[in-house]
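Here's protein.cif, which has mmCIF, C-alpha atoms:
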data_work
loop_
_atom_site.label_atom_id
_atom_site.label_comp_id
_atom_site.auth_asym_id
_atom_site.auth_seq_id
_atom_site.Cartn_x
_atom_site.Cartn_y
_atom_site.Cartn_z
CA MET O 3 45.99 126.33 143.84
CA ARG O 4 48.79 123.76 143.71
CA ILE O 5 51.63 123.47 141.23
CA HIS O 6 53.05 120.05 140.37
CA PRO O 7 56.89 119.88 140.27
CA LEU O 8 56.71 118.83 136.59
CA PHE O 9 55.07 122.17 135.83
CA PHE O 10 58.11 124.01 137.19
CA LEU O 11 60.34 121.73 135.12
CA LEU O 12 58.39 122.65 131.99
CA ALA O 13 58.61 126.37 132.85
CA PHE O 14 62.36 126.13 133.48
CA SER O 15 62.99 124.29 130.20
CA ALA O 16 60.89 126.93 128.36
CA PHE O 17 63.01 129.68 129.90
CA LEU O 18 66.28 127.96 128.89
CA THR O 19 65.15 127.29 125.31
CA GLY O 20 63.70 130.76 124.73
CA ALA O 21 60.15 129.46 124.46
CA PHE O 22 58.82 131.57 127.30
CA TYR O 23 55.99 133.17 125.29
CA GLU O 24 54.92 129.75 124.04
CA PHE O 25 54.84 128.58 127.65
CA ILE O 26 52.58 131.52 128.59
CA VAL O 27 50.22 130.56 125.75
CA LEU O 28 50.17 126.94 126.93
CA PHE O 29 49.53 127.91 130.55
CA SER O 30 46.72 130.30 129.54
CA ILE O 31 44.91 127.58 127.59
CA VAL O 32 45.29 125.08 130.45
CA ALA O 33 44.05 127.68 132.96
CA LEU O 34 40.95 128.40 130.86
CA HIS O 35 40.29 124.67 130.58
CA GLU O 36 40.42 124.24 134.36
CA TRP O 37 38.36 127.40 134.87
CA GLY O 38 35.58 125.66 132.91
CA HIS O 39 35.67 122.67 135.27
CA PHE O 40 35.82 124.93 138.32
CA THR O 41 32.87 127.15 137.39
CA ALA O 42 30.71 124.11 136.56
CA ALA O 43 31.64 122.40 139.84
CA ARG O 44 30.86 125.53 141.84
CA TYR O 45 27.56 125.96 139.96
CA TYR O 46 26.45 122.56 141.25
CA GLY O 47 27.71 123.30 144.74
CA TRP O 48 30.63 120.87 144.76
CA ARG O 49 33.27 121.37 147.43
CA VAL O 50 36.47 122.01 145.47
CA SER O 51 39.59 121.45 147.58
CA HIS O 52 42.07 122.93 145.11
CA ILE O 53 43.10 123.40 141.49
CA GLU O 54 46.30 121.63 140.49
CA PHE O 55 48.46 122.39 137.47
CA TRP O 56 50.80 119.75 136.08
CA LEU O 57 52.57 119.00 132.82
CA PHE O 58 50.34 119.98 129.86
CA GLY O 59 47.24 119.99 132.02
CA GLY O 60 45.65 120.34 135.39
CA ALA O 61 42.82 119.16 137.59
CA VAL O 62 40.02 120.60 139.70
CA VAL O 63 40.19 118.34 142.74
CA SER O 64 36.92 117.54 144.51
CA GLU O 65 36.51 114.51 146.76
CA GLU O 66 32.78 114.55 145.95
CA HIS O 67 33.05 113.88 142.22
CA SER O 68 32.35 110.13 142.49
CA ALA O 69 29.32 110.65 144.73
CA LYS O 70 27.40 113.13 142.57
CA PRO O 71 24.52 112.57 140.13
CA PHE O 72 25.57 111.37 136.68
CA LYS O 73 24.24 114.52 134.98
CA GLU O 74 26.38 116.78 137.17
CA GLN O 75 29.47 114.61 136.66
CA VAL O 76 29.16 114.78 132.88
CA HIS O 77 28.50 118.53 132.85
CA VAL O 78 31.51 119.28 135.05
CA ILE O 79 33.79 117.10 132.89
CA LEU O 80 32.59 118.50 129.55
CA ALA O 81 32.86 122.09 130.81
CA GLY O 82 36.65 121.82 130.41
CA PRO O 83 36.80 120.64 126.76
CA PHE O 84 34.03 123.13 125.88
CA GLN O 85 36.45 125.99 126.60
CA HIS O 86 38.56 124.90 123.63
CA VAL O 87 35.63 125.51 121.29
CA TRP O 88 35.34 129.23 122.01
CA ILE O 89 39.14 129.52 122.22
CA ALA O 90 39.34 128.07 118.69
CA VAL O 91 36.71 130.55 117.45
CA LEU O 92 38.57 133.45 119.09
CA LEU O 93 41.90 132.40 117.55
CA PHE O 94 40.26 132.07 114.12
CA LEU O 95 38.87 135.60 114.40
CA LEU O 96 42.25 136.98 115.49
CA GLN O 97 43.97 135.30 112.55
CA PHE O 98 41.33 136.72 110.23
CA LEU O 99 41.72 140.26 111.63
CA ILE O 100 45.50 140.58 112.07
CA GLY O 101 46.74 137.85 109.76
CA PRO O 102 49.11 134.93 110.44
CA HIS O 103 51.33 135.19 113.51
CA PRO O 104 53.67 132.59 115.06
CA LEU O 105 52.10 132.90 118.52
CA LEU O 106 48.60 132.52 117.12
CA GLU O 107 49.67 129.42 115.21
CA THR O 108 51.24 128.08 118.41
CA ALA O 109 48.03 128.79 120.33
CA VAL O 110 45.94 126.94 117.71
CA HIS O 111 48.33 123.97 117.90
CA TYR O 112 48.33 123.82 121.71
CA ASN O 113 44.56 124.27 121.85
CA GLN O 114 44.04 121.24 119.60
CA ILE O 115 46.66 119.11 121.36
CA ILE O 116 45.29 119.79 124.87
CA LEU O 117 41.73 119.10 123.75
CA LEU O 118 42.58 115.81 122.03
CA LEU O 119 44.91 114.71 124.83
CA ASN O 120 42.28 115.32 127.51
CA LEU O 121 39.67 113.28 125.66
CA LEU O 122 41.79 110.11 125.72
CA PRO O 123 40.33 107.36 127.99
CA ILE O 124 43.20 107.75 130.45
CA TRP O 125 42.87 108.54 134.15
CA PRO O 126 42.91 111.33 135.41
CA LEU O 127 42.27 113.02 132.06
CA ASP O 128 38.74 114.14 131.19
CA GLY O 129 38.26 111.17 128.86
CA GLY O 130 39.25 108.76 131.64
CA LYS O 131 36.85 110.33 134.12
CA LEU O 132 34.05 110.37 131.56
CA LEU O 133 34.70 106.67 130.88
CA PHE O 134 34.50 105.98 134.62
CA TYR O 135 31.20 107.86 135.01
CA VAL O 136 29.64 105.99 132.08
CA LEU O 137 30.81 102.63 133.46
CA THR O 138 29.20 103.38 136.84
CA GLN O 139 25.87 103.49 135.01
CA LEU O 140 26.44 100.06 133.47
CA ILE O 141 28.28 97.96 136.06
CA SER O 142 28.96 98.05 139.80
CA PHE O 143 30.93 100.97 141.21
CA GLN O 144 33.79 98.76 142.37
CA ARG O 145 34.16 97.11 138.96
CA SER O 146 33.96 100.53 137.30
CA ILE O 147 37.10 101.63 139.13
CA LYS O 148 39.03 98.51 138.10
CA VAL O 149 37.90 98.50 134.45
CA THR O 150 38.65 102.23 134.06
CA LEU O 151 42.17 101.86 135.41
CA TRP O 152 42.88 98.74 133.33
CA ILE O 153 41.79 100.57 130.16
CA SER O 154 43.82 103.59 131.24
CA PHE O 155 46.98 101.55 131.85
CA SER O 156 46.53 99.80 128.49
CA CYS O 157 46.17 103.11 126.63
CA ILE O 158 49.26 104.61 128.28
CA LEU O 159 51.43 101.58 127.54
CA SER O 160 50.10 101.38 123.97
CA ALA O 161 50.88 105.06 123.39
CA ILE O 162 54.40 104.63 124.79
CA GLY O 163 54.97 101.60 122.54
CA ILE O 164 53.74 103.39 119.40
CA LEU O 165 55.86 106.49 120.08
CA LEU O 166 58.98 104.38 120.73
CA ILE O 167 58.48 102.25 117.60
CA GLU O 168 57.94 105.35 115.44
CA GLU O 169 60.86 107.11 117.20
CA ARG O 170 58.65 110.06 118.11
CA MET O 171 59.08 109.93 121.88
CA THR O 172 60.25 113.28 123.30
CA LEU O 173 61.36 114.36 126.77
CA ALA O 174 57.96 115.99 127.35
CA GLY O 175 56.26 112.78 126.23
CA MET O 176 58.34 110.70 128.61
CA LEU O 177 57.57 113.03 131.52
CA LEU O 178 53.85 113.02 130.72
CA ALA O 179 53.74 109.22 130.36
CA GLY O 180 55.59 108.81 133.63
CA PHE O 181 53.24 111.22 135.38
CA LEU O 182 50.15 109.38 134.11
CA LEU O 183 51.56 105.98 135.11
CA VAL O 184 52.27 107.25 138.63
CA GLU O 185 48.77 108.78 138.92
CA ASN O 186 47.15 105.55 137.77
CA SER O 187 49.24 103.52 140.20
CA LEU O 188 48.24 105.80 143.07
CA GLU O 189 44.57 105.62 142.06
CA TRP O 190 44.80 101.82 141.99
CA LYS O 191 46.15 101.85 145.54
CA ARG O 192 43.35 104.25 146.57
CA ARG O 193 40.57 102.18 144.99
CA THR O 194 39.41 100.71 148.32
CA PHE O 195 39.24 104.17 149.88
CA THR O 196 37.32 105.47 146.85
CA PHE O 197 34.87 102.59 147.12
CA MET O 198 34.33 103.08 150.87
CA ARG O 199 33.71 106.78 150.30
CA PHE O 200 31.08 105.86 147.74
CA LEU O 201 29.43 103.49 150.23
CA MET O 202 29.26 106.35 152.74
CA TYR O 203 27.45 108.38 150.09
CA GLY O 204 25.19 105.40 149.40
CA VAL O 205 23.91 105.41 152.99
CA GLN O 206 22.71 109.01 152.55
CA ARG O 207 21.26 108.78 149.04
CA ASP O 208 17.53 108.74 148.36
CA PRO O 209 16.75 105.13 147.32
CA GLU O 210 13.30 106.08 146.01
CA LYS O 211 14.94 107.75 142.98
CA LEU O 212 16.79 104.58 141.95
CA LYS O 213 15.67 101.74 139.72
CA ILE O 214 14.94 98.52 141.61
CA LYS O 215 16.39 95.14 140.72
CA TYR O 216 15.58 91.92 142.56
CA LEU O 217 18.34 89.38 143.14
CA SER O 218 18.16 85.96 144.75
CA ILE O 219 20.97 85.35 147.21
CA ASP O 220 22.24 82.69 149.62
CA PRO O 221 21.53 83.67 153.28
CA ASN O 222 25.10 82.68 154.17
CA THR O 223 26.58 85.36 151.90
CA PRO O 224 28.56 87.98 153.90
CA ILE O 225 27.24 91.54 153.68
CA ARG O 226 30.67 92.83 152.63
CA ARG O 227 30.50 90.64 149.52
CA VAL O 228 26.99 91.82 148.71
CA LEU O 229 28.06 95.46 148.84
CA LYS O 230 30.49 94.83 146.00
CA ASN O 231 27.39 94.84 143.78
CA VAL O 232 26.34 98.39 144.69
CA HIS O 233 25.55 100.47 141.59
CA ALA O 234 25.44 104.24 141.26
CA ASN O 235 22.02 104.17 139.55
CA ARG O 236 20.38 101.06 140.96
CA ARG O 237 18.91 99.75 144.19
CA HIS O 238 19.03 96.03 144.83
CA LEU O 239 16.42 94.12 146.80
CA TYR O 240 17.83 90.75 147.84
CA ILE O 241 15.54 87.72 148.09
CA LEU O 242 16.57 85.32 150.84
CA LYS O 243 15.30 81.76 150.62
CA ARG O 244 14.58 80.73 154.20
CA LYS O 245 11.91 78.70 155.94
CA PRO O 246 8.98 79.07 156.05
CA GLY O 247 9.23 81.28 152.95
CA LEU O 248 11.06 84.17 151.35
CA TYR O 249 12.43 87.33 152.93
CA ILE O 250 13.46 90.51 151.11
CA VAL O 251 16.41 92.59 152.32
CA ASP O 252 16.84 96.14 151.07
CA GLU O 253 20.36 97.05 149.95
CA GLN O 254 20.06 100.25 151.99
CA GLU O 255 19.76 98.15 155.15
CA CYS O 256 22.97 96.37 154.22
CA LEU O 257 24.70 99.72 153.77
CA ARG O 258 23.47 101.01 157.13
CA MET O 259 24.53 97.87 158.97
CA PHE O 260 27.95 97.86 157.37
CA MET O 261 28.76 101.59 157.41
CA ASP O 262 26.78 103.06 160.33
CA GLN O 263 26.67 100.19 162.81
CA LYS O 264 30.02 98.67 161.77
CA LYS O 265 28.57 95.14 161.64
CA THR O 266 31.10 94.05 159.04
CA SER O 267 30.96 90.31 159.78
CA LEU O 268 27.20 89.88 159.37
CA ARG O 269 25.71 87.50 156.85
CA MET O 270 22.58 88.22 154.87
CA GLY O 271 20.63 85.61 156.84
CA ASP O 272 21.32 87.53 160.08
CA LEU O 273 19.50 90.67 158.94
CA PRO O 274 15.89 89.43 159.37
CA LYS O 275 16.60 88.70 163.06
CA ILE O 276 18.15 92.15 163.65
CA LEU O 277 15.64 94.20 161.68
CA HIS O 278 12.63 92.51 163.21
#
Representation of the structure as structure tokens:
Amino acid sequence: MRIHPLFFLLAFSAFLTGAFYEFIVLFSIVALHEWGHFTAARYYGWRVSHIEFWLFGGAVVSEEHSAKPFKEQVHVILAGPFQHVWIAVLLFLLQFLIGPHPLLETAVHYNQIILLLNLLPIWPLDGGKLLFYVLTQLISFQRSIKVTLWISFSCILSAIGILLIEERMTLAGMLLAGFLLVENSLEWKRRTFTFMRFLMYGVQRDPEKLKIKYLSIDPNTPIRRVLKNVHANRRHLYILKRKPGLYIVDEQECLRMFMDQKKTSLRMGDLPKILH
């Protein structure tokens, strides 16, 4: 378990302002949210490195999340927001049994805010990760990273602009916006590493389970450029036009040459000579 410095800042400000019990309620809801992610990830056998708590949220960190089947990714992500459903039911029952109470009203408010906040299409919130997983099923993995982060940046800046125009920006809002901007900037810098890690997974995946798509390609095209087209749910077979006829290169062969044998400067036209 890791605690982000902003979390300590929130705790300290709660102590100074006498909102300590409200802070406990907030932390409890966030912890239950992350517990949902954690139990789902462990159910599917993911290697979880740690659970991190930060301002108004947290994250179950697993380096495997981008290399898992789409069904598992969606289940692990939705397991967090699902916790807010039974929390809402529990709070409703408590209000019905013991009547209105300030802490219960605070818990209902925080439960709604955390749920809605996490569903925004902003990285690394649940909505941002869900957007990324859906995009990997529609476009190439590399483009999915870029599109997700561009949408995320746009949403953050739009939210900041709206809050400033309406004069509703608070200290907590500024800290959260700053945190999200930093996280998105770091993820943008890590995008090449994330893509290479996915290619490593691609070498080991079972290609027989993937849909096949044929693409015609120039034999002079470098392998590294071809691998930018790798999809999470698709297997490409590349048709090379060469005399005396056509030659088909499996995308898996490109992955093995590039990742396992480190032949990063090869061109597609070189593969028939090496493989045969």
Determine, using only C-alpha atoms, which residues of region 162-192 of chain O have any atom at most 8 Å from an atom of region 125-148 of chain O, and tabulate each with its shortest atom pair and distance in Å to one decimal place, rows ordered by chain and then rising number, as a tab-separated table.
residue	atom	partner	partner_atom	distance
O:Leu182	CA	O:Trp125	CA	7.3
O:Glu185	CA	O:Pro126	CA	7.3
O:Asn186	CA	O:Trp125	CA	6.4
O:Trp190	CA	O:Lys148	CA	7.7
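Residues captured in this structure file are Ala42, Ala43, Tyr46, His67, Ser68, Ala69, Lys70, Pro71, Phe72, Glu74, Gln75, Val76, His77, Val78, Ile79, Leu80, Leu132, Tyr135, Val136, Gln139 and Asn235 of chain O, according to the PyMOL selection byres ((chain O and resi 73) around 12).
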>> For a cutoff of 7 Å around the file-coordinate point (44.8, 125.4, 124.5), which residues qualify once you count only C-alpha atoms? I'd like the result as a VMD selection string.
In response: chain O and resid 28 31 to 32 86 109 112 to 114 116
Write a file of the just-selected residues containing C-alpha atoms, as a tab-separated table (two decimals), in the coordinates of the input.
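Generated output (out.tsv):
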chain	number	residue	atom	x	y	z
O	28	LEU	CA	50.17	126.94	126.93
O	31	ILE	CA	44.91	127.58	127.59
O	32	VAL	CA	45.29	125.08	130.45
O	86	HIS	CA	38.56	124.90	123.63
O	109	ALA	CA	48.03	128.79	120.33
O	112	TYR	CA	48.33	123.82	121.71
O	113	ASN	CA	44.56	124.27	121.85
O	114	GLN	CA	44.04	121.24	119.60
O	116	ILE	CA	45.29	119.79	124.87
>> Please enumerate the residues selected by the PyMOL selection byres ((chain O and resi 38) around 12) when evaluated against the supplied file, formatted as a VMD selection string.
In response: chain O and resid 31 to 37 39 to 45 53 60 to 62 77 to 89
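Nearest-residue note for Glu189 (chain O): choosing from O:Ile276, O:Ile124, O:Val228, O:Val205, the minimum distance belongs to O:Ile124, counting all atoms listed in the file.
For the pair CA of Asp252 (chain O) and CA of Arg237 (chain O), the separation is 8.0 Å.
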